[in-house]
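J.: The structure under discussion is supplied below as structure tokens; questions concerning it will follow.
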Amino acid sequence: MTPPTATTEAPVSATGVTAPVRTPVVTGLGVLAPTGIGTEEHWSAVLAGRSAIDRITLFDPAPYPVKLAGQVPGFVAKERVPSRLISQTDRWTHLGLAAAEAAIADAGVVPAELPEYEMAVVTSSSSGGTEFGQHEMENLYQHAPDWVGAYQSIAWFYAATTGQISIRHGLRGPCGVLCCEQAGGLDAIGQARRLIRTGAKLVMTGGTDASLCPYGLTAQLTTGQLSTVQDPARAYLPFDAEASGYLPGEGGALLVVEDADAAEARGAGPGYGRVLGYAAAFDPPPGSDRGPVLARTVRSALADAGLDAAAVDVVFADALGVPEADRAEAAALAEVFGPRGVPVTAPKTLTGRLYGGGAALDAATALLALRDQVVPHTAGPVAPASGYEIDLVLGEPRRAELRTALVVARGHGGFNAALVLGHPQQNVPGHNEK
């Protein structure tokens, strides 16, 4: 491993900030997922292997080949979102606002007490305000243009959740959105770390999704990767011989990521963990003679963290559930870590893939695994398919000493991302601690 160093100098930025910085810490989690509203409810369901996959109830799925999904249970927007915003924004933003509120409360931070231009927001979005947009399009083609509401111009927009969180909590530093499908949640966290290294003190980051509507499901079906199996227990089986695709879901997680010195100054404590490394890359187009880049992405994230493969204690897999993609992911993990070289898990079988919210929820779940020193199991699959040289954790959670977790994600269109998270009290060789 790389020898210890005292600090890492921040890259030169537009603000001119080049002061040494410490590894950012995650101090707050806000989870709204099919497995439950609230971090501990979600975590309890994950450890119990309690699936949230069921028949879609947000609309009648009878005309569609996919009838199963993961839905956030008992979410009532008017109980968690200011009433004036409900009619102005999509369900995806409602979930994001509620998750941000929960993350801020969990972090114990009062934004009004901090410099507003040193707090930022970066979220991921896969399809924007899908349901809101569908209803406005229905108004257009069923009635007339003047039936389309003025809020259509902003509610569908990918940055709507970022903007509403920024306004509501006075987070007026650099704000943005990343549209990288399932990989976006990791890309958003990577950007949050970059902002902290260039002067931000706190970043609200992560993502949510709510594309379970006829328009959204029709769009998703065009990939040909969704499972049409009608048995909830057998529909989404990544790495299994019976894998037939994935199921969609809604929800996600938002995280409060802070500059370590700023967090200490306000008495925040060690937090859930630290953002040690990040990398992103793109697969070549179909038909290329070049192969997938996931292994290279993972190696780049580890190099960014100053770690070698042996330091990783658990991998939270992308787990698409499509045999060709599963085979490629298993091969990449075996290439980096050796055959069955590290425990691998995919709790998303309990929720479905949440698109813009999926990887952020995986990151939150990985931080909880580091906190409680347990690898959650992958519910559903019986055993890895023949030729998949991975140590897939099945049947029940596995107790282990966890210091470092790797989260990987791939998005439709070739996106790849990898995020390295560390235990809050971990001493990382080669890392930037004062």
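Residue numbers start at 1 in each chain; chains themselves are named A, B, ... in the order of the structure tokens; ligands are numbered from 1 in the order shown.
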Go through segment 143-207 of chain A and flag each residue having an atom no more than 8 Å from segment 240-261 of chain A; for those, report the closest pair of atoms plus their distance in Å to one decimal, using only C-alpha atoms, ordered by chain and rising number, as JSON lines.

T.:
```
{"residue": "A:Ala192", "atom": "CA", "partner": "A:Val257", "partner_atom": "CA", "distance": 7.1}
{"residue": "A:Arg193", "atom": "CA", "partner": "A:Val257", "partner_atom": "CA", "distance": 7.6}
{"residue": "A:Ile196", "atom": "CA", "partner": "A:Asp259", "partner_atom": "CA", "distance": 6.0}
{"residue": "A:Ala200", "atom": "CA", "partner": "A:Asp259", "partner_atom": "CA", "distance": 7.4}
{"residue": "A:Lys201", "atom": "CA", "partner": "A:Asp259", "partner_atom": "CA", "distance": 5.0}
{"residue": "A:Leu202", "atom": "CA", "partner": "A:Glu258", "partner_atom": "CA", "distance": 4.3}
{"residue": "A:Val203", "atom": "CA", "partner": "A:Val257", "partner_atom": "CA", "distance": 5.2}
{"residue": "A:Met204", "atom": "CA", "partner": "A:Val256", "partner_atom": "CA", "distance": 4.8}
{"residue": "A:Thr205", "atom": "CA", "partner": "A:Leu255", "partner_atom": "CA", "distance": 5.3}
{"residue": "A:Gly206", "atom": "CA", "partner": "A:Leu254", "partner_atom": "CA", "distance": 4.4}
{"residue": "A:Gly207", "atom": "CA", "partner": "A:Ala253", "partner_atom": "CA", "distance": 5.8}
```

J.: When DSSP works through the backbone of this structure, what residues of segment 29-231 of chain A end up as alpha helix (DSSP H), shown as an MDAnalysis selection string?

T.: chainID A and resid 39:48 77:80 83:86 91:107 130:142 152:155 160:169 184:197 214:221

J.: DSSP on the backbone: what in segment 185-347 of chain A comes out strand (DSSP E or B), as JSON, numbers by chain?

T.: {"A": [202, 203, 204, 205, 206, 207, 208, 209, 226, 246, 248, 249, 251, 252, 253, 254, 255, 256, 257, 258, 273, 274, 275, 276, 277, 278, 279, 280, 281, 282, 314, 315, 316, 343, 344, 345]}

J.: In Å to one decimal, how far is atom CA of Ala305 of chain A from atom CA of Leu392 of chain A?

T.: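 Atom CA of Leu392 of chain A sits 24.2 Å away from atom CA of Ala305 of chain A.
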
J.: What's the separation between atom CA of Glu401 of chain A and atom CA of Val375 of chain A, in Å to one decimal place?

T.: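 Atom-to-atom, atom CA of Glu401 of chain A and atom CA of Val375 of chain A are spaced 9.4 Å apart.
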
J.: Please indicate the distance in Å from atom CA of Asp391 of chain A to atom CA of Thr39 of chain A, rounded to one decimal place.

T.: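 Between these atoms lies a distance of 26.6 Å.
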
J.: Excluding Val314 of chain A and its own-chain neighbours fewer than 5 positions away, which residues fall within 6 Å of it when counting only C-alpha atoms? Please give them as a list of chain:residue names.

T.: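 Here the qualifying residues turn out to be A:Val342, A:Pro343, A:Val344, A:Ala405.
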
J.: Mind writing the picked residues with N, CA and C atoms as a PDB file, in the first residue's frame?

T.:
```pdb
ATOM      1  N   VAL A 342     -13.703 -11.372  -2.519  1.00  0.00           N
ATOM      2  CA  VAL A 342     -14.295 -10.405  -1.605  1.00  0.00           C
ATOM      3  C   VAL A 342     -15.796 -10.679  -1.544  1.00  0.00           C
ATOM      4  N   PRO A 343     -16.423 -10.530  -0.376  1.00  0.00           N
ATOM      5  CA  PRO A 343     -17.884 -10.705  -0.303  1.00  0.00           C
ATOM      6  C   PRO A 343     -18.601  -9.693  -1.199  1.00  0.00           C
ATOM      7  N   VAL A 344     -19.604 -10.168  -1.918  1.00  0.00           N
ATOM      8  CA  VAL A 344     -20.386  -9.343  -2.840  1.00  0.00           C
ATOM      9  C   VAL A 344     -21.855  -9.433  -2.451  1.00  0.00           C
ATOM     10  N   ALA A 405     -15.735  -0.275   2.051  1.00  0.00           N
ATOM     11  CA  ALA A 405     -16.767  -0.816   1.163  1.00  0.00           C
ATOM     12  C   ALA A 405     -16.639  -0.177  -0.208  1.00  0.00           C
TER      13      ALA A 405
END
```

J.: Name all residues at most 9 Å from segment 141-157 of chain A (count only C-alpha atoms; drop same-chain ones fewer than 2 positions away) and give them as a PDB file with all heavy atoms, in the first residue's frame.

T.:
```pdb
ATOM      1  N   SER A  87     -48.289  20.832  -5.692  1.00  0.00           N
ATOM      2  CA  SER A  87     -48.878  21.045  -7.013  1.00  0.00           C
ATOM      3  C   SER A  87     -47.862  21.571  -8.025  1.00  0.00           C
ATOM      4  O   SER A  87     -48.132  21.581  -9.223  1.00  0.00           O
ATOM      5  CB  SER A  87     -50.049  22.027  -6.913  1.00  0.00           C
ATOM      6  OG  SER A  87     -49.602  23.292  -6.440  1.00  0.00           O
ATOM      7  N   GLN A  88     -46.702  21.995  -7.549  1.00  0.00           N
ATOM      8  CA  GLN A  88     -45.694  22.592  -8.438  1.00  0.00           C
ATOM      9  C   GLN A  88     -44.613  21.603  -8.867  1.00  0.00           C
ATOM     10  O   GLN A  88     -43.823  21.911  -9.768  1.00  0.00           O
ATOM     11  CB  GLN A  88     -45.023  23.774  -7.734  1.00  0.00           C
ATOM     12  CG  GLN A  88     -45.968  24.894  -7.347  1.00  0.00           C
ATOM     13  CD  GLN A  88     -45.264  25.998  -6.565  1.00  0.00           C
ATOM     14  OE1 GLN A  88     -44.036  26.040  -6.493  1.00  0.00           O
ATOM     15  NE2 GLN A  88     -46.028  26.891  -5.980  1.00  0.00           N
ATOM     16  N   THR A  89     -44.564  20.462  -8.207  1.00  0.00           N
ATOM     17  CA  THR A  89     -43.450  19.541  -8.430  1.00  0.00           C
ATOM     18  C   THR A  89     -43.938  18.103  -8.561  1.00  0.00           C
ATOM     19  O   THR A  89     -45.071  17.759  -8.195  1.00  0.00           O
ATOM     20  CB  THR A  89     -42.427  19.622  -7.274  1.00  0.00           C
ATOM     21  OG1 THR A  89     -43.111  19.405  -6.034  1.00  0.00           O
ATOM     22  CG2 THR A  89     -41.749  20.978  -7.240  1.00  0.00           C
ATOM     23  N   ASP A  90     -43.060  17.244  -9.058  1.00  0.00           N
ATOM     24  CA  ASP A  90     -43.357  15.838  -9.291  1.00  0.00           C
ATOM     25  C   ASP A  90     -43.123  15.012  -8.019  1.00  0.00           C
ATOM     26  O   ASP A  90     -42.423  15.432  -7.104  1.00  0.00           O
ATOM     27  CB  ASP A  90     -42.445  15.332 -10.416  1.00  0.00           C
ATOM     28  CG  ASP A  90     -42.695  13.891 -10.786  1.00  0.00           C
ATOM     29  OD1 ASP A  90     -43.685  13.627 -11.484  1.00  0.00           O
ATOM     30  OD2 ASP A  90     -41.894  13.020 -10.372  1.00  0.00           O
ATOM     31  N   THR A  93     -39.594  14.744  -6.870  1.00  0.00           N
ATOM     32  CA  THR A  93     -39.118  15.859  -6.046  1.00  0.00           C
ATOM     33  C   THR A  93     -39.708  15.796  -4.649  1.00  0.00           C
ATOM     34  O   THR A  93     -39.029  16.136  -3.670  1.00  0.00           O
ATOM     35  CB  THR A  93     -39.456  17.196  -6.725  1.00  0.00           C
ATOM     36  OG1 THR A  93     -38.750  17.262  -7.975  1.00  0.00           O
ATOM     37  CG2 THR A  93     -39.044  18.378  -5.867  1.00  0.00           C
ATOM     38  N   SER A 127     -34.872  10.421 -15.037  1.00  0.00           N
ATOM     39  CA  SER A 127     -35.877  10.800 -16.031  1.00  0.00           C
ATOM     40  C   SER A 127     -36.636  12.062 -15.668  1.00  0.00           C
ATOM     41  O   SER A 127     -37.574  12.443 -16.362  1.00  0.00           O
ATOM     42  CB  SER A 127     -36.879   9.651 -16.224  1.00  0.00           C
ATOM     43  OG  SER A 127     -37.468   9.280 -14.988  1.00  0.00           O
ATOM     44  N   GLY A 128     -36.259  12.733 -14.579  1.00  0.00           N
ATOM     45  CA  GLY A 128     -36.933  13.961 -14.208  1.00  0.00           C
ATOM     46  C   GLY A 128     -38.343  13.716 -13.712  1.00  0.00           C
ATOM     47  O   GLY A 128     -38.672  12.642 -13.209  1.00  0.00           O
ATOM     48  N   GLY A 129     -39.201  14.711 -13.862  1.00  0.00           N
ATOM     49  CA  GLY A 129     -40.574  14.623 -13.347  1.00  0.00           C
ATOM     50  C   GLY A 129     -41.487  13.877 -14.292  1.00  0.00           C
ATOM     51  O   GLY A 129     -42.359  14.459 -14.948  1.00  0.00           O
ATOM     52  N   THR A 130     -41.347  12.568 -14.346  1.00  0.00           N
ATOM     53  CA  THR A 130     -42.032  11.747 -15.343  1.00  0.00           C
ATOM     54  C   THR A 130     -43.551  11.796 -15.197  1.00  0.00           C
ATOM     55  O   THR A 130     -44.281  12.029 -16.168  1.00  0.00           O
ATOM     56  CB  THR A 130     -41.557  10.285 -15.235  1.00  0.00           C
ATOM     57  OG1 THR A 130     -40.135  10.259 -15.239  1.00  0.00           O
ATOM     58  CG2 THR A 130     -42.082   9.455 -16.384  1.00  0.00           C
ATOM     59  N   GLU A 131     -44.046  11.539 -14.002  1.00  0.00           N
ATOM     60  CA  GLU A 131     -45.496  11.480 -13.810  1.00  0.00           C
ATOM     61  C   GLU A 131     -46.144  12.847 -14.039  1.00  0.00           C
ATOM     62  O   GLU A 131     -47.206  12.953 -14.668  1.00  0.00           O
ATOM     63  CB  GLU A 131     -45.820  10.967 -12.407  1.00  0.00           C
ATOM     64  CG  GLU A 131     -47.305  10.764 -12.162  1.00  0.00           C
ATOM     65  CD  GLU A 131     -47.599  10.226 -10.778  1.00  0.00           C
ATOM     66  OE1 GLU A 131     -46.750  10.375  -9.878  1.00  0.00           O
ATOM     67  OE2 GLU A 131     -48.696   9.658 -10.587  1.00  0.00           O
ATOM     68  N   PHE A 132     -45.516  13.902 -13.533  1.00  0.00           N
ATOM     69  CA  PHE A 132     -46.025  15.253 -13.741  1.00  0.00           C
ATOM     70  C   PHE A 132     -46.108  15.543 -15.239  1.00  0.00           C
ATOM     71  O   PHE A 132     -47.125  16.056 -15.751  1.00  0.00           O
ATOM     72  CB  PHE A 132     -45.106  16.267 -13.054  1.00  0.00           C
ATOM     73  CG  PHE A 132     -45.699  17.636 -12.898  1.00  0.00           C
ATOM     74  CD1 PHE A 132     -46.141  18.077 -11.672  1.00  0.00           C
ATOM     75  CD2 PHE A 132     -45.799  18.501 -13.980  1.00  0.00           C
ATOM     76  CE1 PHE A 132     -46.692  19.336 -11.511  1.00  0.00           C
ATOM     77  CE2 PHE A 132     -46.335  19.772 -13.838  1.00  0.00           C
ATOM     78  CZ  PHE A 132     -46.778  20.187 -12.606  1.00  0.00           C
ATOM     79  N   GLY A 133     -45.040  15.207 -15.947  1.00  0.00           N
ATOM     80  CA  GLY A 133     -45.019  15.424 -17.388  1.00  0.00           C
ATOM     81  C   GLY A 133     -46.084  14.637 -18.114  1.00  0.00           C
ATOM     82  O   GLY A 133     -46.703  15.128 -19.074  1.00  0.00           O
ATOM     83  N   HIS A 135     -49.059  13.737 -16.976  1.00  0.00           N
ATOM     84  CA  HIS A 135     -50.369  14.363 -16.768  1.00  0.00           C
ATOM     85  C   HIS A 135     -50.522  15.622 -17.620  1.00  0.00           C
ATOM     86  O   HIS A 135     -51.610  15.891 -18.153  1.00  0.00           O
ATOM     87  CB  HIS A 135     -50.549  14.697 -15.289  1.00  0.00           C
ATOM     88  CG  HIS A 135     -50.654  13.490 -14.408  1.00  0.00           C
ATOM     89  ND1 HIS A 135     -51.250  12.325 -14.828  1.00  0.00           N
ATOM     90  CD2 HIS A 135     -50.240  13.272 -13.122  1.00  0.00           C
ATOM     91  CE1 HIS A 135     -51.197  11.429 -13.847  1.00  0.00           C
ATOM     92  NE2 HIS A 135     -50.588  11.974 -12.811  1.00  0.00           N
ATOM     93  N   GLU A 136     -49.454  16.398 -17.748  1.00  0.00           N
ATOM     94  CA  GLU A 136     -49.554  17.617 -18.557  1.00  0.00           C
ATOM     95  C   GLU A 136     -49.677  17.291 -20.044  1.00  0.00           C
ATOM     96  O   GLU A 136     -50.389  17.986 -20.787  1.00  0.00           O
ATOM     97  CB  GLU A 136     -48.350  18.520 -18.297  1.00  0.00           C
ATOM     98  CG  GLU A 136     -48.282  19.058 -16.869  1.00  0.00           C
ATOM     99  CD  GLU A 136     -49.554  19.783 -16.461  1.00  0.00           C
ATOM    100  OE1 GLU A 136     -49.952  20.735 -17.156  1.00  0.00           O
ATOM    101  OE2 GLU A 136     -50.166  19.383 -15.449  1.00  0.00           O
ATOM    102  N   MET A 137     -49.008  16.236 -20.502  1.00  0.00           N
ATOM    103  CA  MET A 137     -49.175  15.814 -21.888  1.00  0.00           C
ATOM    104  C   MET A 137     -50.597  15.319 -22.142  1.00  0.00           C
ATOM    105  O   MET A 137     -51.172  15.559 -23.213  1.00  0.00           O
ATOM    106  CB  MET A 137     -48.157  14.731 -22.244  1.00  0.00           C
ATOM    107  CG  MET A 137     -46.738  15.263 -22.426  1.00  0.00           C
ATOM    108  SD  MET A 137     -45.593  14.043 -23.096  1.00  0.00           S
ATOM    109  CE  MET A 137     -45.430  12.916 -21.704  1.00  0.00           C
ATOM    110  N   GLU A 138     -51.163  14.638 -21.154  1.00  0.00           N
ATOM    111  CA  GLU A 138     -52.560  14.210 -21.285  1.00  0.00           C
ATOM    112  C   GLU A 138     -53.484  15.417 -21.405  1.00  0.00           C
ATOM    113  O   GLU A 138     -54.432  15.416 -22.207  1.00  0.00           O
ATOM    114  CB  GLU A 138     -52.950  13.352 -20.074  1.00  0.00           C
ATOM    115  CG  GLU A 138     -52.286  11.977 -20.067  1.00  0.00           C
ATOM    116  CD  GLU A 138     -52.468  11.243 -18.747  1.00  0.00           C
ATOM    117  OE1 GLU A 138     -52.848  11.911 -17.751  1.00  0.00           O
ATOM    118  OE2 GLU A 138     -52.237  10.031 -18.704  1.00  0.00           O
ATOM    119  N   ASN A 139     -53.219  16.452 -20.608  1.00  0.00           N
ATOM    120  CA  ASN A 139     -54.026  17.670 -20.707  1.00  0.00           C
ATOM    121  C   ASN A 139     -53.918  18.289 -22.101  1.00  0.00           C
ATOM    122  O   ASN A 139     -54.893  18.807 -22.649  1.00  0.00           O
ATOM    123  CB  ASN A 139     -53.572  18.695 -19.665  1.00  0.00           C
ATOM    124  CG  ASN A 139     -54.034  18.351 -18.266  1.00  0.00           C
ATOM    125  OD1 ASN A 139     -55.041  17.660 -18.091  1.00  0.00           O
ATOM    126  ND2 ASN A 139     -53.305  18.830 -17.273  1.00  0.00           N
ATOM    127  N   ALA A 159     -33.162  19.136 -12.946  1.00  0.00           N
ATOM    128  CA  ALA A 159     -32.586  19.853 -11.807  1.00  0.00           C
ATOM    129  C   ALA A 159     -33.641  20.346 -10.820  1.00  0.00           C
ATOM    130  O   ALA A 159     -33.306  21.046  -9.867  1.00  0.00           O
ATOM    131  CB  ALA A 159     -31.766  21.039 -12.294  1.00  0.00           C
ATOM    132  N   ALA A 160     -34.910  19.969 -11.008  1.00  0.00           N
ATOM    133  CA  ALA A 160     -35.971  20.498 -10.148  1.00  0.00           C
ATOM    134  C   ALA A 160     -35.746  20.144  -8.682  1.00  0.00           C
ATOM    135  O   ALA A 160     -35.924  20.984  -7.792  1.00  0.00           O
ATOM    136  CB  ALA A 160     -37.334  19.981 -10.615  1.00  0.00           C
ATOM    137  N   THR A 161     -35.360  18.903  -8.408  1.00  0.00           N
ATOM    138  CA  THR A 161     -35.156  18.498  -7.006  1.00  0.00           C
ATOM    139  C   THR A 161     -33.986  19.261  -6.392  1.00  0.00           C
ATOM    140  O   THR A 161     -34.081  19.759  -5.262  1.00  0.00           O
ATOM    141  CB  THR A 161     -34.931  16.982  -6.920  1.00  0.00           C
ATOM    142  OG1 THR A 161     -36.107  16.318  -7.378  1.00  0.00           O
ATOM    143  CG2 THR A 161     -34.639  16.558  -5.494  1.00  0.00           C
TER     144      THR A 161
END
```

J.: Give me the residues near Gly170 of chain A as a PyMOL selection string, where near means some atom within 8 Å (using only C-alpha atoms) and where sequence neighbours in that chain fewer than 2 positions away do not count.

T.: chain A and resi 111-112+116+166-168+172

J.: Show me, as an MDAnalysis selection string, the residues that have an atom within 7 Å of segment 49-57 of chain A when counting only C-alpha atoms, minus same-chain residues fewer than 5 positions from it.

T.: chainID A and resid 34:35 67:70 232 350:351 379
